[in-house]
file run.txt (compact mmCIF, C-alpha atoms and all ligand atoms)
# COMPACT_ATOMS: atom_id res chain seq x y z
CA MET A 1 34.23 95.58 158.05
CA GLN A 2 37.88 96.48 157.81
CA ASN A 3 37.68 98.64 160.96
CA THR A 4 36.13 95.92 162.96
CA GLY A 5 38.97 93.69 161.91
CA HIS A 6 41.51 96.20 163.23
CA ILE A 7 39.66 96.60 166.52
CA THR A 8 39.57 92.88 167.03
CA MET A 9 43.32 92.71 166.35
CA ALA A 10 44.05 95.53 168.80
CA LEU A 11 41.97 93.89 171.48
CA ALA A 12 43.72 90.63 170.95
CA VAL A 13 47.08 92.35 171.36
CA ASP A 14 45.97 94.22 174.51
CA ALA A 15 44.91 90.97 176.04
CA SER A 16 48.23 89.28 175.38
CA ARG A 17 48.98 86.24 177.45
CA PHE A 18 52.62 87.34 177.46
CA GLU A 19 52.17 90.29 179.84
CA GLY A 20 54.27 88.45 182.40
CA VAL A 21 57.20 87.97 179.99
CA PRO A 22 59.74 90.73 180.58
CA MET A 23 62.37 91.81 178.03
CA ALA A 24 65.55 89.81 178.49
CA PRO A 25 68.86 91.66 178.68
CA PRO A 26 71.23 91.28 175.69
CA ASP A 27 73.74 88.44 175.96
CA PRO A 28 77.02 89.76 177.43
CA ILE A 29 79.05 88.28 174.54
CA LEU A 30 76.79 87.78 171.51
CA GLY A 31 74.94 91.02 172.35
CA VAL A 32 78.23 92.88 171.71
CA SER A 33 78.15 91.74 168.06
CA GLU A 34 74.61 93.13 167.72
CA ALA A 35 75.72 96.52 169.12
CA PHE A 36 78.75 96.49 166.80
CA LYS A 37 76.56 95.96 163.73
CA ALA A 38 74.43 98.95 164.69
CA ASP A 39 77.48 101.31 164.94
CA THR A 40 78.02 103.33 161.74
CA SER A 41 81.51 104.67 162.59
CA ASP A 42 84.44 103.80 160.28
CA LEU A 43 86.62 103.37 163.34
CA LYS A 44 84.60 100.51 164.78
CA LEU A 45 86.35 97.32 165.81
CA ASN A 46 84.70 94.16 167.15
CA LEU A 47 86.84 92.52 169.83
CA GLY A 48 83.82 91.01 171.60
CA VAL A 49 83.06 87.48 170.42
CA GLY A 50 85.98 85.08 170.00
CA ALA A 51 85.72 84.65 166.27
CA TYR A 52 88.78 84.49 164.02
CA ARG A 53 89.26 87.22 161.43
CA THR A 54 91.87 87.54 158.71
CA GLU A 55 94.42 90.38 158.67
CA GLU A 56 91.75 92.21 156.61
CA LEU A 57 89.35 91.64 159.53
CA GLN A 58 87.12 89.38 157.47
CA PRO A 59 85.66 86.04 158.55
CA ALA A 60 87.17 83.17 156.56
CA VAL A 61 86.47 79.53 155.81
CA LEU A 62 89.58 77.34 156.08
CA ASN A 63 90.88 76.04 152.73
CA VAL A 64 90.87 72.52 154.08
CA VAL A 65 87.20 72.88 155.01
CA LYS A 66 86.37 74.04 151.47
CA LYS A 67 88.27 71.04 150.12
CA ALA A 68 86.41 68.60 152.37
CA GLU A 69 83.08 70.16 151.42
CA LYS A 70 83.87 69.87 147.72
CA LEU A 71 84.59 66.16 148.15
CA MET A 72 81.38 65.71 150.10
CA LEU A 73 79.35 67.41 147.37
CA GLU A 74 80.99 65.29 144.68
CA LYS A 75 80.05 62.13 146.54
CA GLY A 76 76.42 63.30 146.51
CA GLU A 77 75.68 62.12 150.00
CA ASN A 78 72.14 62.00 151.39
CA LYS A 79 70.64 63.83 154.35
CA GLU A 80 69.21 60.95 156.33
CA TYR A 81 69.03 61.27 160.11
CA LEU A 82 72.17 60.44 162.01
CA PRO A 83 71.85 58.03 164.94
CA ILE A 84 71.26 59.77 168.31
CA GLU A 85 74.95 59.44 169.15
CA GLY A 86 76.01 61.11 165.91
CA PHE A 87 78.28 60.18 163.01
CA ALA A 88 80.44 57.16 163.92
CA ALA A 89 83.53 58.29 161.95
CA PHE A 90 83.34 61.69 163.65
CA ASN A 91 83.02 60.17 167.11
CA LYS A 92 86.10 58.06 166.52
CA ALA A 93 88.08 60.97 165.05
CA THR A 94 87.16 63.34 167.85
CA ALA A 95 88.14 60.94 170.66
CA ASP A 96 91.40 60.17 168.82
CA LEU A 97 92.21 63.86 168.50
CA LEU A 98 91.48 64.54 172.13
CA LEU A 99 93.21 61.58 173.74
CA GLY A 100 95.70 60.47 171.09
CA ALA A 101 94.73 57.57 168.82
CA ASP A 102 96.94 55.11 170.68
CA ASN A 103 95.60 55.98 174.10
CA PRO A 104 94.84 52.71 175.94
CA VAL A 105 91.44 53.99 177.13
CA ILE A 106 90.30 54.07 173.49
CA LYS A 107 91.56 50.57 172.74
CA GLN A 108 89.90 49.32 175.92
CA GLY A 109 86.53 50.81 174.88
CA ARG A 110 86.37 53.00 177.98
CA VAL A 111 85.32 56.21 176.25
CA ALA A 112 81.68 57.14 175.75
CA THR A 113 81.55 59.73 172.95
CA LEU A 114 78.46 61.48 171.66
CA GLN A 115 78.50 64.02 168.87
CA SER A 116 76.60 67.02 170.17
CA LEU A 117 75.77 70.63 169.38
CA SER A 118 79.26 72.09 169.54
CA GLY A 119 80.87 73.02 172.86
CA THR A 120 77.78 74.63 174.34
CA GLY A 121 75.43 71.77 173.51
CA SER A 122 77.94 69.21 174.77
CA LEU A 123 78.31 71.07 178.07
CA ARG A 124 74.52 71.32 178.35
CA LEU A 125 74.10 67.60 177.76
CA ALA A 126 76.69 66.80 180.42
CA ALA A 127 74.92 69.22 182.78
CA ALA A 128 71.64 67.34 182.22
CA PHE A 129 73.47 64.09 182.97
CA ILE A 130 74.89 65.50 186.20
CA GLN A 131 71.47 66.77 187.23
CA ARG A 132 69.91 63.35 186.66
CA TYR A 133 72.55 61.03 188.08
CA PHE A 134 74.40 63.21 190.59
CA PRO A 135 71.56 65.37 191.95
CA ASP A 136 73.46 66.19 195.14
CA ALA A 137 76.71 67.19 193.46
CA LYS A 138 77.74 70.70 192.64
CA VAL A 139 79.94 72.01 189.90
CA LEU A 140 82.95 74.17 190.75
CA ILE A 141 83.58 76.93 188.24
CA SER A 142 86.62 79.19 187.93
CA SER A 143 86.28 82.86 188.87
CA PRO A 144 86.04 84.34 186.31
CA THR A 145 84.93 82.01 183.55
CA TRP A 146 83.30 82.00 180.11
CA GLY A 147 80.07 83.98 180.43
CA ASN A 148 77.80 81.10 179.42
CA HIS A 149 78.97 78.46 181.90
CA LYS A 150 76.75 79.70 184.71
CA ASN A 151 73.71 79.91 182.41
CA ILE A 152 74.27 76.34 181.29
CA PHE A 153 74.32 74.94 184.82
CA ASN A 154 71.53 77.24 186.02
CA ASP A 155 69.23 76.12 183.23
CA ALA A 156 70.07 72.47 183.91
CA ARG A 157 69.37 73.10 187.63
CA VAL A 158 72.83 72.04 188.67
CA PRO A 159 74.14 73.97 191.68
CA TRP A 160 77.56 75.58 191.24
CA SER A 161 80.05 77.62 193.18
CA GLU A 162 83.25 79.37 192.22
CA TYR A 163 86.88 78.61 192.91
CA ARG A 164 89.51 81.35 192.92
CA TYR A 165 91.46 81.54 189.67
CA TYR A 166 92.52 85.02 188.62
CA ASP A 167 94.58 87.26 190.87
CA PRO A 168 94.24 90.92 189.80
CA LYS A 169 97.29 91.87 191.88
CA THR A 170 99.68 89.64 189.95
CA VAL A 171 97.49 89.55 186.81
CA GLY A 172 98.19 85.83 187.03
CA LEU A 173 96.84 82.58 188.42
CA ASP A 174 95.85 82.44 192.09
CA PHE A 175 97.02 78.86 192.33
CA GLU A 176 96.98 78.68 196.13
CA GLY A 177 93.41 79.98 196.20
CA MET A 178 92.37 77.58 193.45
CA ILE A 179 93.77 74.55 195.27
CA ALA A 180 92.32 75.66 198.62
CA ASP A 181 88.81 76.11 197.17
CA ILE A 182 88.86 72.79 195.31
CA GLN A 183 90.12 71.10 198.47
CA ALA A 184 87.40 72.68 200.59
CA ALA A 185 84.54 71.67 198.28
CA PRO A 186 82.30 68.73 199.23
CA GLU A 187 83.79 65.39 198.16
CA GLY A 188 82.57 64.25 194.75
CA SER A 189 82.08 67.70 193.26
CA PHE A 190 82.53 68.26 189.53
CA VAL A 191 85.47 70.55 188.79
CA LEU A 192 85.05 72.46 185.55
CA LEU A 193 88.47 73.14 184.01
CA HIS A 194 89.41 74.90 180.79
CA GLY A 195 91.60 72.42 178.89
CA CYS A 196 93.75 75.22 177.46
CA ALA A 197 93.59 78.96 176.74
CA HIS A 198 91.40 79.83 179.72
CA ASN A 199 88.52 82.11 178.76
CA PRO A 200 88.53 85.03 179.59
CA THR A 201 91.91 85.33 181.34
CA GLY A 202 94.26 83.57 178.89
CA ILE A 203 96.11 82.17 181.92
CA ASP A 204 96.66 78.41 182.15
CA PRO A 205 98.18 76.32 184.93
CA THR A 206 101.72 75.05 184.26
CA PRO A 207 102.27 71.29 183.78
CA GLU A 208 103.43 71.04 187.41
CA GLN A 209 100.32 72.87 188.58
CA TRP A 210 98.11 70.52 186.53
CA GLU A 211 99.74 67.58 188.34
CA LYS A 212 99.04 69.15 191.70
CA LEU A 213 95.44 69.86 190.68
CA ALA A 214 95.04 66.22 189.65
CA ASP A 215 96.40 65.17 193.08
CA VAL A 216 93.78 67.23 194.90
CA ILE A 217 90.93 66.24 192.59
CA GLU A 218 91.83 62.56 192.98
CA GLU A 219 92.19 62.85 196.74
CA LYS A 220 88.80 64.53 197.10
CA LYS A 221 87.14 62.05 194.70
CA HIS A 222 86.02 64.99 192.58
CA MET A 223 85.15 64.53 188.92
CA PRO A 224 87.30 66.51 186.48
CA PHE A 225 85.15 68.07 183.80
CA PHE A 226 87.11 69.68 180.96
CA ASP A 227 85.82 72.26 178.55
CA VAL A 228 88.07 72.02 175.48
CA ALA A 229 86.99 74.79 173.12
CA TYR A 230 90.42 75.78 171.77
CA GLN A 231 92.41 72.60 171.06
CA GLY A 232 95.27 73.53 168.72
CA PHE A 233 94.39 77.18 168.91
CA ALA A 234 96.39 78.05 172.01
CA SER A 235 99.84 76.70 171.20
CA GLY A 236 99.25 75.80 167.56
CA SER A 237 99.67 72.09 168.47
CA LEU A 238 96.70 69.75 168.92
CA ASP A 239 98.68 67.40 171.17
CA GLU A 240 100.14 70.07 173.39
CA ASP A 241 96.75 71.69 173.93
CA ALA A 242 95.25 68.35 175.00
CA SER A 243 98.02 67.54 177.47
CA SER A 244 96.01 68.68 180.52
CA VAL A 245 93.19 66.25 179.73
CA ARG A 246 95.60 63.44 178.89
CA LEU A 247 97.41 63.88 182.21
CA PHE A 248 94.17 63.24 184.14
CA VAL A 249 93.23 60.30 181.92
CA LYS A 250 96.67 58.75 182.36
CA ARG A 251 96.10 58.63 186.10
CA GLY A 252 93.14 56.32 185.50
CA LEU A 253 90.58 58.91 186.59
CA GLU A 254 87.09 59.11 185.15
CA VAL A 255 86.83 62.39 183.24
CA PHE A 256 84.21 64.43 181.37
CA VAL A 257 85.34 66.40 178.32
CA ALA A 258 83.27 68.72 176.13
CA GLN A 259 84.83 69.51 172.74
CA SER A 260 84.18 72.21 170.14
CA TYR A 261 85.28 72.66 166.52
CA SER A 262 83.99 76.22 166.29
CA LYS A 263 87.37 77.86 166.61
CA ASN A 264 90.04 75.36 165.56
CA LEU A 265 88.27 74.43 162.30
CA GLY A 266 86.31 77.68 162.03
CA LEU A 267 83.02 75.75 162.01
CA TYR A 268 81.15 78.16 164.31
CA ALA A 269 77.73 77.91 162.70
CA GLU A 270 77.90 74.17 161.99
CA ARG A 271 77.50 73.44 165.71
CA ILE A 272 79.90 70.54 165.79
CA GLY A 273 81.45 69.14 168.95
CA ALA A 274 81.22 66.21 171.32
CA ILE A 275 80.85 65.09 174.89
CA ASN A 276 83.30 62.38 175.96
CA VAL A 277 83.16 60.50 179.22
CA ILE A 278 86.23 58.45 180.03
CA CYS A 279 85.07 55.63 182.30
CA SER A 280 86.74 53.02 184.51
CA ALA A 281 85.55 50.07 182.37
CA PRO A 282 83.96 49.45 178.93
CA GLU A 283 80.76 48.25 180.51
CA VAL A 284 80.49 51.55 182.43
CA ALA A 285 81.10 53.54 179.23
CA ASP A 286 78.27 51.62 177.54
CA ARG A 287 75.84 52.49 180.31
CA VAL A 288 76.89 56.14 180.43
CA LYS A 289 76.57 56.46 176.67
CA SER A 290 73.12 54.87 176.69
CA GLN A 291 71.95 57.50 179.19
CA LEU A 292 73.50 60.40 177.29
CA LYS A 293 71.58 59.20 174.23
CA ARG A 294 68.44 59.02 176.29
CA LEU A 295 68.94 62.64 177.38
CA ALA A 296 69.73 63.86 173.86
CA ARG A 297 66.71 62.25 172.18
CA PRO A 298 63.98 64.44 173.72
CA MET A 299 66.25 67.55 173.64
CA TYR A 300 67.23 67.63 169.96
CA SER A 301 66.82 64.02 168.79
CA ASN A 302 70.05 63.71 166.81
CA PRO A 303 72.83 66.07 165.75
CA PRO A 304 73.48 67.76 162.36
CA ILE A 305 75.57 65.90 159.80
CA HIS A 306 77.48 68.51 157.80
CA GLY A 307 80.13 69.57 160.32
CA ALA A 308 80.57 65.98 161.51
CA LYS A 309 81.46 64.89 157.98
CA ILE A 310 83.89 67.78 157.54
CA VAL A 311 85.75 66.86 160.74
CA ALA A 312 85.75 63.14 159.92
CA ASN A 313 87.05 63.81 156.40
CA VAL A 314 89.76 66.24 157.47
CA VAL A 315 91.03 64.14 160.37
CA GLY A 316 90.70 60.87 158.46
CA ASP A 317 92.80 61.96 155.48
CA PRO A 318 96.52 62.39 156.20
CA THR A 319 96.97 65.11 153.56
CA MET A 320 94.02 67.18 154.71
CA PHE A 321 94.95 66.60 158.35
CA GLY A 322 98.37 68.08 157.61
CA GLU A 323 96.80 71.03 155.81
CA TRP A 324 94.51 71.70 158.75
CA LYS A 325 97.44 71.74 161.18
CA GLU A 326 99.24 74.24 158.95
CA GLU A 327 96.25 76.53 158.75
CA MET A 328 95.73 76.29 162.49
CA GLU A 329 99.33 77.21 163.14
CA GLN A 330 98.88 80.20 160.85
CA MET A 331 95.81 81.36 162.76
CA ALA A 332 97.53 80.88 166.13
CA GLY A 333 100.59 82.66 164.69
CA ARG A 334 98.57 85.66 163.50
CA ILE A 335 97.09 86.04 166.98
CA LYS A 336 100.56 85.88 168.52
CA ASN A 337 101.74 88.60 166.13
CA VAL A 338 99.00 91.03 167.07
CA ARG A 339 99.54 90.19 170.74
CA GLN A 340 103.19 91.21 170.38
CA LYS A 341 102.36 94.34 168.39
CA LEU A 342 99.73 95.42 170.91
CA TYR A 343 102.26 94.98 173.73
CA ASP A 344 104.91 96.93 171.79
CA SER A 345 102.48 99.76 171.04
CA LEU A 346 101.33 100.02 174.65
CA THR A 347 104.87 99.99 175.99
CA GLU A 348 105.99 102.61 173.50
CA LYS A 349 103.05 104.97 173.96
CA ASP A 350 102.37 104.68 177.69
CA GLN A 351 104.77 106.86 179.61
CA SER A 352 103.39 105.93 183.06
CA GLY A 353 105.74 103.01 183.60
CA LYS A 354 102.88 100.49 183.84
CA ASP A 355 103.97 96.93 183.15
CA TRP A 356 101.97 95.56 180.19
CA SER A 357 103.89 92.27 179.98
CA PHE A 358 100.84 90.29 181.18
CA ILE A 359 99.55 90.63 177.61
CA LEU A 360 102.46 88.52 176.39
CA SER A 361 102.12 85.86 179.07
CA GLN A 362 98.43 85.29 178.28
CA ILE A 363 97.64 82.57 175.75
CA GLY A 364 94.93 81.90 173.16
CA MET A 365 92.40 84.15 171.51
CA PHE A 366 91.83 86.59 174.32
CA SER A 367 93.57 89.18 176.37
CA PHE A 368 92.19 90.05 179.78
CA THR A 369 93.12 93.72 179.94
CA GLY A 370 92.18 94.48 183.54
CA LEU A 371 89.92 97.33 182.32
CA ASN A 372 86.90 97.68 184.60
CA ARG A 373 83.35 98.26 183.51
CA PRO A 374 83.43 102.09 183.12
CA GLN A 375 86.77 101.79 181.32
CA SER A 376 85.35 99.13 178.99
CA ASP A 377 82.35 101.39 178.38
CA ASN A 378 84.76 104.18 177.44
CA MET A 379 86.45 101.87 174.92
CA THR A 380 83.11 101.43 173.19
CA ASP A 381 81.43 104.81 173.70
CA LYS A 382 84.44 106.97 172.83
CA TRP A 383 86.63 104.72 170.67
CA HIS A 384 84.05 102.43 168.99
CA ILE A 385 85.95 99.38 170.22
CA TYR A 386 83.50 96.63 171.12
CA MET A 387 84.52 94.24 173.89
CA THR A 388 82.93 92.39 176.79
CA LYS A 389 82.39 94.39 179.95
CA ASP A 390 84.69 92.17 182.01
CA GLY A 391 87.66 93.77 180.21
CA ARG A 392 88.23 90.91 177.76
CA ILE A 393 89.33 91.63 174.18
CA SER A 394 89.43 89.06 171.41
CA LEU A 395 92.80 89.35 169.68
CA ALA A 396 91.41 87.14 166.90
CA GLY A 397 89.40 90.18 165.81
CA LEU A 398 92.42 92.50 165.74
CA ASN A 399 94.94 93.15 162.95
CA LEU A 400 98.39 94.75 162.94
CA ALA A 401 97.04 97.95 161.38
CA LYS A 402 94.68 98.57 164.31
CA CYS A 403 97.11 97.81 167.15
CA GLU A 404 98.20 101.41 167.69
CA TYR A 405 94.64 102.70 167.69
CA LEU A 406 93.72 100.02 170.23
CA ALA A 407 96.72 100.92 172.37
CA ASP A 408 95.65 104.61 172.37
CA ALA A 409 92.15 103.59 173.44
CA ILE A 410 93.40 101.31 176.23
CA ILE A 411 95.82 103.95 177.57
CA ASP A 412 93.11 106.62 177.54
CA SER A 413 90.57 104.33 179.24
CA PHE A 414 93.05 103.06 181.80
CA HIS A 415 94.44 106.43 182.88
CA ASN A 416 91.51 108.79 182.34
CA VAL A 417 88.52 106.75 183.50
CA ASN A 418 88.10 105.35 187.03
N1 LIG A 501 83.56 76.94 176.05
C1 LIG A 501 84.32 78.04 176.05
C2 LIG A 501 85.36 78.19 177.09
C3 LIG A 501 84.12 79.01 175.06
O1 LIG A 501 84.89 80.10 175.08
C4 LIG A 501 83.12 78.84 174.09
C5 LIG A 501 82.85 79.88 173.05
C6 LIG A 501 82.38 77.65 174.13
C7 LIG A 501 82.62 76.72 175.13
C8 LIG A 501 81.28 77.33 173.17
O2 LIG A 501 81.53 77.40 171.85
P1 LIG A 501 80.67 76.62 170.78
O3 LIG A 501 79.34 76.29 171.39
O4 LIG A 501 80.55 77.53 169.62
O5 LIG A 501 81.43 75.41 170.46
N2 LIG A 501 83.10 81.22 173.41
C9 LIG A 501 83.00 82.33 172.46
C10 LIG A 501 81.64 82.42 171.79
C11 LIG A 501 84.01 82.17 171.36
C12 LIG A 501 80.45 82.40 172.71
O6 LIG A 501 80.42 83.09 173.73
O7 LIG A 501 79.53 81.64 172.39
C13 LIG A 501 83.33 83.61 173.24
O8 LIG A 501 83.37 84.69 172.63
O9 LIG A 501 83.59 83.51 174.45
call {"tool": "encode", "arguments": {"input": "run.txt", "output": "structure tokens", "more": "lines below"}}
Ligand code: PLA
result
Amino acid sequence: MQNTGHITMALAVDASRFEGVPMAPPDPILGVSEAFKADTSDLKLNLGVGAYRTEELQPAVLNVVKKAEKLMLEKGENKEYLPIEGFAAFNKATADLLLGADNPVIKQGRVATLQSLSGTGSLRLAAAFIQRYFPDAKVLISSPTWGNHKNIFNDARVPWSEYRYYDPKTVGLDFEGMIADIQAAPEGSFVLLHGCAHNPTGIDPTPEQWEKLADVIEEKKHMPFFDVAYQGFASGSLDEDASSVRLFVKRGLEVFVAQSYSKNLGLYAERIGAINVICSAPEVADRVKSQLKRLARPMYSNPPIHGAKIVANVVGDPTMFGEWKEEMEQMAGRIKNVRQKLYDSLTEKDQSGKDWSFILSQIGMFSFTGLNRPQSDNMTDKWHIYMTKDGRISLAGLNLAKCEYLADAIIDSFHNVN
């Protein structure tokens, strides 16, 4: 009897209906964390995913988050469904943080805000909206960009093309190329912009360049679409890091903005963020919001409550808000320290005369090292340093003690591997 059972099982497996399902490749960013876990070397260092670590290289929950969670537990709140649009106090807090609480567009009711599944989910919802209401439009994406942007628009069936951004010769912004490509795109395109701390390059336009970009975008009747995943994390100031978005809003333009609290509040796994659409009139914002809700309902119905309450509590309480800003400054400061130490180590150790100062001019969590794929492979295979294959390293995963080791690995990979 038992044998027969086995044979039946085996037959069932042989005849799988999934024969046509091939193995997917590992994700270029999150797959790096999986490979890191599997490495047994003591030397190993994970500079792949942009996740903040302490100086001891441990993940940490912000003190202000622990405080907010304690208060929430004490209140004994329930776990009823949120409305489709999310937690009202969060939606207000998040738009206030992004635009400034006294921004006229908020007072005028011109902002449609929906709590969504962190930055990624908010981008995906906006992509679904573009696909439905702007089926002929394409999205312009910086070259290079965050590895998941293309997947998001591909899966939403939104066509995209790239605009020039990074110039390997200057290791800086190809501003001329960027402007030319945005100018040449069909009128009414969506222009995806990183609000601050461009991922992966760490190179942002200057305030003057943002103005010029706004000129061209306005002239071409394009729609600015900001991805704000690092507000407060680039400069240490929430207001400064939102200045690009605010500049476009001040001009009276309609703007899309996806927000994430993964990094600045360390709420990675809570999946908390929002999509905001700044519209020309309150009545337009109402219609846009109604359609975003309509898209969200069959996708995930309504968003999770825990992270929304943390954000609303922290931002809504002046003491906790102050504590958050302090902790954020500390995180941004720690990253700046390792950035400086890495630069110092490279400059001291590398006798070739190569200029490493680009590391200091880059901003945010990442450094774009300029290492190519075989060189990045060498970093991992020989030195146990895990990073994405585009040459990006997350400085948030580095500490002062490991800077010299990292510098040795970079110098070896750069000079000894083609
Ligand atoms: N937008 C940009 C530019 C990002 O860098 C990231 C995260 C997100 C959106 C989405 O984050 P969220 O969904 O968690 O809010 N980028 C990380 C992680 C930090 C990742 O790839 O998912 C990165 O290592 O690039």
call {"tool": "residues_near_ligand", "arguments": {"input": "run.txt", "ligand": "ligand LIG 501 (chain A)", "cutoff": "6 Å", "atoms": "only C-alpha atoms and all ligand atoms", "output": "PyMOL selection string"}}
result
chain A and resi 29+49-51+118-120+146+199+227+229+260+262+268
call {"tool": "write_last_selection", "arguments": {"input": "run.txt", "atoms": "C-alpha atoms", "output": "mmCIF file, keeping the file's coordinate frame"}}
result
data_model
loop_
_atom_site.group_PDB
_atom_site.id
_atom_site.type_symbol
_atom_site.label_atom_id
_atom_site.label_comp_id
_atom_site.auth_asym_id
_atom_site.auth_seq_id
_atom_site.Cartn_x
_atom_site.Cartn_y
_atom_site.Cartn_z
ATOM 1 C CA ILE A 29 79.050 88.280 174.540
ATOM 2 C CA VAL A 49 83.060 87.480 170.420
ATOM 3 C CA GLY A 50 85.980 85.080 170.000
ATOM 4 C CA ALA A 51 85.720 84.650 166.270
ATOM 5 C CA SER A 118 79.260 72.090 169.540
ATOM 6 C CA GLY A 119 80.870 73.020 172.860
ATOM 7 C CA THR A 120 77.780 74.630 174.340
ATOM 8 C CA TRP A 146 83.300 82.000 180.110
ATOM 9 C CA ASN A 199 88.520 82.110 178.760
ATOM 10 C CA ASP A 227 85.820 72.260 178.550
ATOM 11 C CA ALA A 229 86.990 74.790 173.120
ATOM 12 C CA SER A 260 84.180 72.210 170.140
ATOM 13 C CA SER A 262 83.990 76.220 166.290
ATOM 14 C CA TYR A 268 81.150 78.160 164.310
#
call {"tool": "atom_distance", "arguments": {"input": "run.txt", "atom1": "atom CA of His384 of chain A", "atom2": "atom CA of Ala269 of chain A"}}
result
26.1 Å
call {"tool": "residues_around", "arguments": {"input": "run.txt", "residues": "segment 333-337 of chain A", "least_positions_apart": "3", "cutoff": "8 Å", "atoms": "all atoms listed in the file", "output": "PyMOL selection string"}}
result
chain A and resi 55+236+329-330+340-341+364-365+395-396+400
call {"tool": "closest_residue", "arguments": {"input": "run.txt", "among": "A:Glu218, A:Asp241, A:Asp344, A:Glu56", "to": "Ile363 of chain A", "atoms": "all atoms listed in the file"}}
result
A:Asp241
call {"tool": "residues_near_point", "arguments": {"input": "run.txt", "point": "(84.3, 66.2, 193.1)", "cutoff": "9 Å", "atoms": "all atoms listed in the file", "output": "list of chain:residue names"}}
result
A:Ala137, A:Lys138, A:Val139, A:Leu140, A:Ile182, A:Ala185, A:Pro186, A:Glu187, A:Gly188, A:Ser189, A:Phe190, A:Val191, A:Ile217, A:Glu218, A:Lys220, A:Lys221, A:His222, A:Met223, A:Pro224
call {"tool": "residues_around", "arguments": {"input": "run.txt", "residues": "Pro282 of chain A", "least_positions_apart": "6", "cutoff": "8 Å", "atoms": "all atoms listed in the file", "output": "list of chain:residue names"}}
result
A:Gln108, A:Gly109, A:Arg110, A:Val111
call {"tool": "residues_near_point", "arguments": {"input": "run.txt", "point": "(80.3, 67.5, 171.1)", "cutoff": "6 Å", "atoms": "all atoms listed in the file", "output": "JSON, numbers by chain"}}
result
{"A": [115, 116, 117, 118, 119, 122, 258, 259, 273, 274, 275]}
